[in-house]
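Dropping structure_19.cif in here (mmCIF, C-alpha atoms):
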```
data_query
loop_
_atom_site.label_atom_id
_atom_site.label_comp_id
_atom_site.auth_asym_id
_atom_site.auth_seq_id
_atom_site.Cartn_x
_atom_site.Cartn_y
_atom_site.Cartn_z
CA MET U 1 -170.24 137.18 82.76
CA GLN U 2 -171.69 137.95 86.17
CA MET U 3 -173.85 140.73 84.66
CA ASN U 4 -175.38 138.22 82.23
CA ALA U 5 -176.18 135.82 85.06
CA SER U 6 -177.70 138.65 87.06
CA ASN U 7 -179.82 139.73 84.08
CA ALA U 8 -180.96 136.15 83.51
CA LEU U 9 -181.91 135.78 87.17
CA LEU U 10 -183.73 139.11 87.12
CA PHE U 11 -185.63 138.03 83.99
CA LEU U 12 -186.58 134.71 85.57
CA VAL U 13 -187.77 136.30 88.82
CA ASP U 14 -189.76 139.00 87.00
CA THR U 15 -191.34 136.48 84.64
CA LEU U 16 -192.45 134.14 87.44
CA PHE U 17 -193.83 137.00 89.52
CA THR U 18 -195.60 138.55 86.53
CA LEU U 19 -197.22 135.26 85.53
CA TYR U 20 -198.60 134.76 89.01
CA ILE U 21 -199.73 138.40 89.27
CA VAL U 22 -201.54 137.89 85.95
CA ALA U 23 -203.29 134.82 87.38
CA VAL U 24 -204.42 136.83 90.42
CA LEU U 25 -205.62 139.70 88.22
CA LEU U 26 -207.46 137.22 86.01
CA ARG U 27 -209.22 135.96 89.12
CA VAL U 28 -210.43 139.48 89.86
CA LEU U 29 -211.47 140.16 86.25
CA LEU U 30 -213.25 136.82 85.88
CA GLN U 31 -215.28 137.50 89.02
CA MET U 32 -216.09 141.06 88.01
CA SER U 33 -217.23 139.97 84.54
CA TYR U 34 -219.36 137.08 85.90
CA THR U 35 -217.49 134.50 83.84
CA ASP U 36 -218.88 130.99 84.09
CA TYR U 37 -217.29 129.37 87.13
CA GLN U 38 -217.47 125.95 85.45
CA ASN U 39 -215.22 127.12 82.60
CA PRO U 40 -211.94 125.12 82.73
CA ILE U 41 -209.85 128.29 82.51
CA SER U 42 -211.80 129.86 85.38
CA GLN U 43 -211.31 126.68 87.38
CA PHE U 44 -207.56 126.73 86.74
CA VAL U 45 -207.22 130.39 87.76
CA TRP U 46 -209.34 129.78 90.85
CA GLN U 47 -207.32 126.75 91.97
CA VAL U 48 -203.94 128.40 91.39
CA THR U 49 -204.87 131.48 93.41
CA GLN U 50 -207.24 130.05 96.01
CA LEU U 51 -204.92 129.35 98.94
CA PRO U 52 -203.20 132.75 99.36
CA VAL U 53 -206.34 134.71 98.55
CA ALA U 54 -208.41 132.64 100.97
CA LEU U 55 -205.88 133.35 103.72
CA LEU U 56 -206.14 137.08 103.06
CA ALA U 57 -209.94 136.84 102.83
CA ARG U 58 -209.99 135.93 106.52
CA ILE U 59 -208.71 139.43 107.30
CA ILE U 60 -209.86 141.52 104.34
CA PRO U 61 -213.49 141.35 103.19
CA ARG U 62 -214.74 141.45 99.63
CA TRP U 63 -216.55 144.57 98.48
CA ARG U 64 -219.61 143.81 96.38
CA TYR U 65 -218.28 141.97 93.32
CA VAL U 66 -214.67 143.07 93.76
CA ASP U 67 -212.25 140.55 95.20
CA ILE U 68 -210.33 142.96 97.45
CA PRO U 69 -208.20 140.18 99.03
CA ALA U 70 -206.99 139.18 95.55
CA ILE U 71 -206.13 142.79 94.69
CA VAL U 72 -204.22 143.16 97.96
CA PHE U 73 -202.39 139.90 97.23
CA ALA U 74 -201.46 141.15 93.74
CA LEU U 75 -200.13 144.35 95.30
CA LEU U 76 -198.12 142.32 97.82
CA LEU U 77 -196.65 140.27 94.97
CA CYS U 78 -195.70 143.45 93.09
CA PHE U 79 -194.12 144.88 96.25
CA LEU U 80 -192.12 141.71 96.82
CA ASN U 81 -191.07 141.62 93.17
CA ILE U 82 -189.79 145.19 93.37
CA GLN U 83 -187.88 144.44 96.58
CA ILE U 84 -186.23 141.40 94.97
CA ASP U 85 -185.36 143.45 91.87
CA LEU U 86 -183.75 146.10 94.04
CA ALA U 87 -181.76 143.44 95.90
CA LEU U 88 -180.64 141.68 92.70
CA TYR U 89 -179.47 144.93 91.20
CA ALA U 90 -177.78 145.87 94.49
CA LEU U 91 -179.59 149.18 94.44
CA ASP U 92 -180.40 151.22 97.50
CA ILE U 93 -182.77 148.94 99.42
CA THR U 94 -183.56 151.82 101.75
CA ALA U 95 -185.62 153.60 99.08
CA PRO U 96 -188.39 155.62 100.71
CA ILE U 97 -191.34 153.38 101.44
CA GLY U 98 -193.69 155.87 99.80
CA LEU U 99 -191.76 155.61 96.54
CA VAL U 100 -191.71 151.81 96.68
CA LEU U 101 -195.47 151.75 97.34
CA LEU U 102 -196.00 154.06 94.35
CA TRP U 103 -193.88 151.76 92.18
CA THR U 104 -195.94 148.83 93.47
CA VAL U 105 -199.25 150.36 92.35
CA LEU U 106 -197.74 151.47 89.03
CA LYS U 107 -196.34 147.98 88.39
CA LEU U 108 -199.76 146.46 89.01
CA LEU U 109 -201.33 148.93 86.55
CA VAL U 110 -198.68 148.16 83.92
CA VAL U 111 -199.27 144.41 84.34
CA LEU U 112 -203.03 145.00 84.04
CA CYS U 113 -202.56 147.03 80.84
CA ASN U 114 -200.28 144.33 79.41
CA LEU U 115 -202.79 141.63 80.39
CA TYR U 116 -205.57 143.41 78.52
CA ILE U 117 -203.35 144.01 75.48
CA PHE U 118 -202.41 140.32 75.39
CA THR U 119 -205.98 139.05 75.85
CA ILE U 120 -207.33 141.40 73.18
CA LEU U 121 -204.63 140.30 70.72
CA ILE U 122 -205.41 136.63 71.41
CA GLN U 123 -209.13 137.29 70.97
CA VAL U 124 -208.48 139.00 67.61
CA VAL U 125 -206.32 136.10 66.42
CA PHE U 126 -209.01 133.61 67.48
CA SER U 127 -211.62 135.63 65.57
CA TRP U 128 -209.48 135.41 62.41
CA ILE U 129 -208.55 131.73 62.72
CA SER U 130 -211.92 130.33 63.73
CA PRO U 131 -214.67 132.96 63.65
CA GLY U 132 -217.86 132.06 65.46
CA THR U 133 -216.31 129.10 67.27
CA HIS U 134 -217.21 128.82 70.94
CA THR U 135 -214.48 127.42 73.18
CA PRO U 136 -213.71 127.89 76.86
CA ALA U 137 -210.87 130.26 75.91
CA THR U 138 -213.03 132.42 73.64
CA ALA U 139 -215.73 132.62 76.31
CA VAL U 140 -213.20 133.84 78.91
CA LEU U 141 -211.60 136.29 76.50
CA TRP U 142 -214.96 137.69 75.46
CA SER U 143 -216.14 138.15 79.06
CA ILE U 144 -212.91 139.88 80.10
CA ASN U 145 -212.50 142.13 77.05
CA GLU U 146 -216.09 143.02 76.20
CA PRO U 147 -216.45 145.67 78.96
CA LEU U 148 -213.52 147.55 77.35
CA LEU U 149 -214.51 146.97 73.73
CA ARG U 150 -218.27 147.63 73.96
CA PRO U 151 -218.06 151.40 74.64
CA VAL U 152 -215.67 151.90 71.72
CA ARG U 153 -217.93 149.88 69.43
CA GLY U 154 -220.78 152.17 70.44
CA VAL U 155 -218.83 155.22 69.29
CA ILE U 156 -216.98 153.78 66.28
CA PRO U 157 -219.00 151.16 64.40
CA ALA U 158 -217.44 148.44 62.24
CA ILE U 159 -216.00 149.75 58.97
CA SER U 160 -216.89 147.47 56.05
CA GLY U 161 -217.47 144.66 58.55
CA LEU U 162 -214.11 145.20 60.23
CA ASP U 163 -214.23 145.95 63.96
CA ILE U 164 -211.40 148.36 64.80
CA SER U 165 -212.27 148.71 68.49
CA PRO U 166 -209.48 146.28 69.53
CA VAL U 167 -206.90 148.43 67.73
CA ILE U 168 -208.13 151.57 69.45
CA ILE U 169 -208.16 149.95 72.89
CA ILE U 170 -204.67 148.50 72.40
CA ILE U 171 -203.32 151.91 71.37
CA VAL U 172 -204.95 153.57 74.39
CA LEU U 173 -203.58 150.89 76.74
CA GLN U 174 -200.09 151.21 75.22
CA VAL U 175 -200.15 155.00 75.66
CA LEU U 176 -201.44 154.67 79.22
CA SER U 177 -198.78 152.09 80.05
CA ARG U 178 -196.04 154.35 78.70
CA LEU U 179 -197.37 157.37 80.60
CA LEU U 180 -197.10 155.60 83.95
CA PRO U 181 -193.86 156.82 85.58
CA LEU U 182 -192.53 153.37 86.46
CA PRO U 183 -188.76 152.89 86.19
CA GLY U 184 -187.75 150.52 83.39
CA LEU U 185 -186.21 148.07 85.87
CA PHE U 186 -189.67 147.22 87.25
CA ARG U 187 -191.66 146.96 83.99
#
```

Here is a file; write its structure as structure tokens.
Amino acid sequence: MQMNASNALLFLVDTLFTLYIVAVLLRVLLQMSYTDYQNPISQFVWQVTQLPVALLARIIPRWRYVDIPAIVFALLLCFLNIQIDLALYALDITAPIGLVLLWTVLKLLVVLCNLYIFTILIQVVFSWISPGTHTPATAVLWSINEPLLRPVRGVIPAISGLDISPVIIIIVLQVLSRLLPLPGLFR
């Protein structure tokens, strides 16, 4: 019974951390893709992440169009999530700091891959349900995913009007995510 409670707590902690890490990564991606700041989704992401990122921005500067404070904050969240996971599983908390830092970067990359997979799937579903419809969500999805999809579309054109670039990108992201040597506990 205690193992089930521990697993439930671990799931809850990981889910909450991952959702907030996704919001921080969305902030970075929205800024890098020049998404309309007035978009309601952009506004939500900005407001949810503004306070901690603004505090870090006092110490860490931005670099061109990359929100370095937000990336550092996402890494800090991943690090904290891994430390909590280790504590909940009563594993060796004294893991070498180098290994924990590696797991932190790998976790952030896995979350980024999963974020792209999810947004591409949602964009594909939107294109099937209501093709050609412009909504705040479709605008955000297009601006985030287009930098990944455009190069594949340039190499592999649509086949009988069917764009297969999302399938190719999702497969590549899945393979990349599985190749990252992150222990299953932290995925």

Practice item. Quick one: pull the distance between atom CA of Pro166 of chain U and atom CA of Ile120 of chain U, Å, one decimal. Key: 6.5 Å

Review point. Which neighbours of Ile71 of chain U fall inside 8 Å, counting only C-alpha atoms, when residues of the same chain fewer than 4 positions from it are skipped, and could you give them as a VMD selection string?
Key: chain U and resid 24 to 25 28 67 75

Check your understanding: Which residue out of U:Leu180, U:Ile129, U:Leu148, U:Leu101 has the minimum interatomic distance to Asn81 of chain U when only C-alpha atoms are used?
Key ->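 Between U:Leu180, U:Ile129, U:Leu148, U:Leu101, the residue approaching Asn81 of chain U most closely is U:Leu101.
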
Check your understanding: Got a sec to resolve the PyMOL selection byres ((chain U and resi 13) around 12) on this structure and send the residues as a PyMOL selection string?
Key -> chain U and resi 6-12+14-20+77-78+80-88+186

Exercise for review: Work out how far apart atom CA of Gly154 of chain U and atom CA of Thr35 of chain U are and give it in Å to one decimal.
Suggested key: 22.4 Å

Point to revise | Selection near Val48 of chain U, 9 Å with all atoms listed in the file, sequence-local residues under 2 positions removed, as a ChimeraX atom specification | key: /U:20,23-24,43-46,50-51

Hits of the PyMOL selection byres ((chain U and resi 132-146) around 7) in this structure, as a JSON list (two decimals) with C-alpha atoms, in the coordinates of the input:
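As a result, out.json now contains:
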```
[["chain", "number", "residue", "atom", "x", "y", "z"],
["U", 29, "LEU", "CA", -211.47, 140.16, 86.25],
["U", 30, "LEU", "CA", -213.25, 136.82, 85.88],
["U", 33, "SER", "CA", -217.23, 139.97, 84.54],
["U", 35, "THR", "CA", -217.49, 134.50, 83.84],
["U", 39, "ASN", "CA", -215.22, 127.12, 82.60],
["U", 40, "PRO", "CA", -211.94, 125.12, 82.73],
["U", 41, "ILE", "CA", -209.85, 128.29, 82.51],
["U", 119, "THR", "CA", -205.98, 139.05, 75.85],
["U", 120, "ILE", "CA", -207.33, 141.40, 73.18],
["U", 123, "GLN", "CA", -209.13, 137.29, 70.97],
["U", 130, "SER", "CA", -211.92, 130.33, 63.73],
["U", 131, "PRO", "CA", -214.67, 132.96, 63.65],
["U", 147, "PRO", "CA", -216.45, 145.67, 78.96],
["U", 148, "LEU", "CA", -213.52, 147.55, 77.35],
["U", 149, "LEU", "CA", -214.51, 146.97, 73.73],
["U", 150, "ARG", "CA", -218.27, 147.63, 73.96]]
```

**Study point:** Output of the PyMOL selection byres ((chain U and resi 183) around 12), listed as a PyMOL selection string
**Key:** chain U and resi 82+85-86+99-100+102-104+106-107+110+177-182+184-187

**Study point:** Coordinates-based distance that separates atom CA of Pro52 of chain U from atom CA of Leu26 of chain U (Å, one decimal)
**Key:**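 Atom CA of Pro52 of chain U lies at a distance of 14.7 Å from atom CA of Leu26 of chain U.
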
Point to revise | Close residues, Ala57 of chain U itself excluded, 7 Å, all atoms listed in the file, min 4 positions apart in chain, as a ChimeraX atom specification | key: /U:53,61,69

Point to revise | Long-range neighbours of Ile156 of chain U as a list in words, 10 Å cut-off, all atoms listed in the file, 6 positions minimum in chain | key: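 My reading of the contact set: Arg150, Asp163, Ile164, Ser165 and Ile168 of chain U.
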
Exercise for review: Could you tell me which of U:Ile97, U:Ile122, U:Val155, U:Leu109 comes closest to Ala74 of chain U if we count only C-alpha atoms?
Suggested key: U:Leu109
